[in-house]
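Since the structure comes first, as structure tokens, the remarks are kept for the end.
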Amino acid sequence: MDGKELLANIADLKDNLQKYLETKISYYGILAFEKAVKILSLFMANVVVLMVAMLALLFLSGAAAFYVGELVNSYPLGVLIIGGAYLLLAIILYASRNRLFGRWAIRVMLNIFFSDDEDETPL
């Protein structure tokens, strides 16, 4: 192998290495985009479900307040009792927020970022 062949091989190696690195960068960019889309779609689906659940909870709370108000012969007192129950529930959820939601959020994010994508169909 003479010097010109060696230089040509080194130049080819440099070009191939540069193309490989560009391909890897492109791959990881697409992979990051796919993960971001998964997170956004999960977030949007949860927001829609949460909005419907909040609407149902609003009507059920109104019905419960009227029912309790009927029992105690005072509609404002029924609304106050239901509001107090929600306030108590909010305090309990706030006090145990790390135990209830911290591990769940970490688990969901780990499943999204470190899932095996070979099983899934491409987007």
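Every chain in the structure tokens has a letter given in the order shown (A, B, ...), and although residue numbers restart at 1 in each chain, ligands are simply numbered from 1 in the order shown.
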
Wanna dump the region 25-52 of chain A-region 15-20 of chain A contacts at 12 Å for me, each residue with its shortest atom pair and the distance in Å to one decimal, counting only C-alpha atoms, ordered by chain and number, as a tab-separated table?
```
residue	atom	partner	partner_atom	distance
A:Ile25	CA	A:Tyr20	CA	8.6
A:Ser26	CA	A:Tyr20	CA	9.8
A:Tyr27	CA	A:Tyr20	CA	10.4
```

query = Counting only C-alpha atoms, what is within 7 Å of Phe113 (chain A), bar same-chain residues fewer than 3 positions away, as a VMD selection string?
reply = chain A and resid 35 109 to 110

ask   = Got a sec: who's within 12 Å of Phe43 (chain A), counting only C-alpha atoms, leaving out chain neighbours fewer than 5 positions off, as a ChimeraX atom specification?
value = /A:36-38,48-50,105,108-109

For CA of Arg107 (chain A) and CA of Asn46 (chain A), the interatomic separation in Å (one decimal) =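 About the pair CA of Arg107 (chain A) and CA of Asn46 (chain A): they are 15.9 Å apart.
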
Could you go through chain A and tell me which residues DSSP, when run on the backbone, assigns to alpha helix (DSSP H), listing them as a PDB file with C-alpha atoms, in the first residue's frame?
```pdb
ATOM      1  CA  GLY A   3       1.138   6.687   0.468  1.00  0.00           C
ATOM      2  CA  LYS A   4      -1.551   7.875  -1.941  1.00  0.00           C
ATOM      3  CA  GLU A   5      -3.770   4.857  -1.235  1.00  0.00           C
ATOM      4  CA  LEU A   6      -3.297   5.321   2.474  1.00  0.00           C
ATOM      5  CA  LEU A   7      -4.251   9.006   2.231  1.00  0.00           C
ATOM      6  CA  ALA A   8      -7.284   8.120   0.100  1.00  0.00           C
ATOM      7  CA  ASN A   9      -8.385   5.506   2.642  1.00  0.00           C
ATOM      8  CA  ILE A  10      -7.939   7.977   5.483  1.00  0.00           C
ATOM      9  CA  ALA A  11      -9.976  10.583   3.570  1.00  0.00           C
ATOM     10  CA  ASP A  12     -12.722   7.980   2.941  1.00  0.00           C
ATOM     11  CA  LEU A  13     -12.634   7.020   6.610  1.00  0.00           C
ATOM     12  CA  LYS A  14     -12.999  10.680   7.585  1.00  0.00           C
ATOM     13  CA  ASP A  15     -15.987  11.118   5.221  1.00  0.00           C
ATOM     14  CA  ASN A  16     -17.634   7.931   6.468  1.00  0.00           C
ATOM     15  CA  LEU A  17     -17.081   8.942  10.087  1.00  0.00           C
ATOM     16  CA  GLN A  18     -18.573  12.382   9.414  1.00  0.00           C
ATOM     17  CA  LYS A  19     -21.645  10.844   7.724  1.00  0.00           C
ATOM     18  CA  TYR A  20     -21.993   8.392  10.612  1.00  0.00           C
ATOM     19  CA  LEU A  21     -21.915  11.189  13.186  1.00  0.00           C
ATOM     20  CA  GLU A  22     -24.437  13.252  11.218  1.00  0.00           C
ATOM     21  CA  THR A  23     -26.714  10.217  10.999  1.00  0.00           C
ATOM     22  CA  LYS A  24     -26.405   9.577  14.753  1.00  0.00           C
ATOM     23  CA  ILE A  25     -27.193  13.199  15.549  1.00  0.00           C
ATOM     24  CA  SER A  26     -30.219  13.065  13.264  1.00  0.00           C
ATOM     25  CA  TYR A  27     -31.347   9.789  14.857  1.00  0.00           C
ATOM     26  CA  TYR A  28     -31.150  11.159  18.380  1.00  0.00           C
ATOM     27  CA  GLY A  29     -32.963  14.321  17.305  1.00  0.00           C
ATOM     28  CA  ILE A  30     -35.806  12.239  15.881  1.00  0.00           C
ATOM     29  CA  LEU A  31     -35.810  10.046  19.000  1.00  0.00           C
ATOM     30  CA  ALA A  32     -36.040  13.124  21.254  1.00  0.00           C
ATOM     31  CA  PHE A  33     -38.885  14.467  19.108  1.00  0.00           C
ATOM     32  CA  GLU A  34     -40.724  11.132  19.387  1.00  0.00           C
ATOM     33  CA  LYS A  35     -40.362  11.132  23.179  1.00  0.00           C
ATOM     34  CA  ALA A  36     -41.592  14.736  23.354  1.00  0.00           C
ATOM     35  CA  VAL A  37     -44.629  13.853  21.235  1.00  0.00           C
ATOM     36  CA  LYS A  38     -45.396  10.880  23.512  1.00  0.00           C
ATOM     37  CA  ILE A  39     -45.222  13.097  26.583  1.00  0.00           C
ATOM     38  CA  LEU A  40     -47.380  15.783  24.954  1.00  0.00           C
ATOM     39  CA  SER A  41     -50.008  13.281  23.811  1.00  0.00           C
ATOM     40  CA  LEU A  42     -50.104  11.690  27.265  1.00  0.00           C
ATOM     41  CA  PHE A  43     -50.489  15.133  28.807  1.00  0.00           C
ATOM     42  CA  MET A  44     -53.249  16.176  26.394  1.00  0.00           C
ATOM     43  CA  ALA A  45     -55.179  12.927  26.900  1.00  0.00           C
ATOM     44  CA  ASN A  46     -54.971  13.351  30.657  1.00  0.00           C
ATOM     45  CA  VAL A  47     -56.099  16.979  30.424  1.00  0.00           C
ATOM     46  CA  VAL A  48     -59.194  16.002  28.422  1.00  0.00           C
ATOM     47  CA  VAL A  49     -60.075  13.217  30.866  1.00  0.00           C
ATOM     48  CA  LEU A  50     -59.469  15.553  33.797  1.00  0.00           C
ATOM     49  CA  MET A  51     -61.734  18.224  32.314  1.00  0.00           C
ATOM     50  CA  VAL A  52     -64.587  15.751  31.812  1.00  0.00           C
ATOM     51  CA  ALA A  53     -64.082  14.373  35.311  1.00  0.00           C
ATOM     52  CA  MET A  54     -64.109  17.881  36.785  1.00  0.00           C
ATOM     53  CA  LEU A  55     -67.346  18.664  34.974  1.00  0.00           C
ATOM     54  CA  ALA A  56     -68.939  15.478  36.323  1.00  0.00           C
ATOM     55  CA  LEU A  57     -67.618  16.255  39.803  1.00  0.00           C
ATOM     56  CA  LEU A  58     -69.107  19.741  39.600  1.00  0.00           C
ATOM     57  CA  PHE A  59     -72.596  18.416  38.881  1.00  0.00           C
ATOM     58  CA  LEU A  60     -72.309  15.604  41.424  1.00  0.00           C
ATOM     59  CA  SER A  61     -71.129  18.088  44.047  1.00  0.00           C
ATOM     60  CA  GLY A  62     -74.093  20.329  43.325  1.00  0.00           C
ATOM     61  CA  ALA A  63     -76.476  17.408  43.673  1.00  0.00           C
ATOM     62  CA  ALA A  64     -74.788  16.295  46.908  1.00  0.00           C
ATOM     63  CA  ALA A  65     -74.958  19.840  48.291  1.00  0.00           C
ATOM     64  CA  PHE A  66     -78.684  20.056  47.545  1.00  0.00           C
ATOM     65  CA  TYR A  67     -79.246  16.636  49.093  1.00  0.00           C
ATOM     66  CA  VAL A  68     -77.315  17.494  52.263  1.00  0.00           C
ATOM     67  CA  GLY A  69     -79.049  20.877  52.357  1.00  0.00           C
ATOM     68  CA  GLU A  70     -82.398  19.090  52.180  1.00  0.00           C
ATOM     69  CA  LEU A  71     -81.346  16.837  55.080  1.00  0.00           C
ATOM     70  CA  TYR A  75     -79.225  24.743  51.285  1.00  0.00           C
ATOM     71  CA  PRO A  76     -76.354  27.110  52.164  1.00  0.00           C
ATOM     72  CA  LEU A  77     -75.343  24.801  55.002  1.00  0.00           C
ATOM     73  CA  GLY A  78     -75.412  21.828  52.613  1.00  0.00           C
ATOM     74  CA  VAL A  79     -73.085  23.666  50.213  1.00  0.00           C
ATOM     75  CA  LEU A  80     -70.828  24.574  53.147  1.00  0.00           C
ATOM     76  CA  ILE A  81     -70.669  20.950  54.346  1.00  0.00           C
ATOM     77  CA  ILE A  82     -69.776  19.646  50.860  1.00  0.00           C
ATOM     78  CA  GLY A  83     -67.191  22.441  50.451  1.00  0.00           C
ATOM     79  CA  GLY A  84     -65.685  21.526  53.829  1.00  0.00           C
ATOM     80  CA  ALA A  85     -65.470  17.870  52.781  1.00  0.00           C
ATOM     81  CA  TYR A  86     -63.578  18.904  49.630  1.00  0.00           C
ATOM     82  CA  LEU A  87     -61.306  21.150  51.676  1.00  0.00           C
ATOM     83  CA  LEU A  88     -60.514  18.252  54.020  1.00  0.00           C
ATOM     84  CA  LEU A  89     -59.816  16.000  51.029  1.00  0.00           C
ATOM     85  CA  ALA A  90     -57.532  18.668  49.526  1.00  0.00           C
ATOM     86  CA  ILE A  91     -55.558  18.955  52.791  1.00  0.00           C
ATOM     87  CA  ILE A  92     -55.126  15.166  52.967  1.00  0.00           C
ATOM     88  CA  LEU A  93     -54.002  14.983  49.323  1.00  0.00           C
ATOM     89  CA  TYR A  94     -51.593  17.892  49.815  1.00  0.00           C
ATOM     90  CA  ALA A  95     -50.064  16.291  52.899  1.00  0.00           C
ATOM     91  CA  ARG A  97     -48.648  14.431  47.631  1.00  0.00           C
ATOM     92  CA  ARG A 103     -43.321   7.906  42.463  1.00  0.00           C
ATOM     93  CA  TRP A 104     -46.073   7.655  39.879  1.00  0.00           C
ATOM     94  CA  ALA A 105     -44.739  10.607  37.871  1.00  0.00           C
ATOM     95  CA  ILE A 106     -41.196   9.240  37.966  1.00  0.00           C
ATOM     96  CA  ARG A 107     -42.410   5.802  36.863  1.00  0.00           C
ATOM     97  CA  VAL A 108     -44.390   7.234  33.946  1.00  0.00           C
ATOM     98  CA  MET A 109     -41.461   9.337  32.735  1.00  0.00           C
ATOM     99  CA  LEU A 110     -39.045   6.415  33.055  1.00  0.00           C
ATOM    100  CA  ASN A 111     -41.391   4.215  31.022  1.00  0.00           C
ATOM    101  CA  ILE A 112     -41.588   6.846  28.300  1.00  0.00           C
ATOM    102  CA  PHE A 113     -37.871   7.597  28.101  1.00  0.00           C
TER     103      PHE A 113
END
```
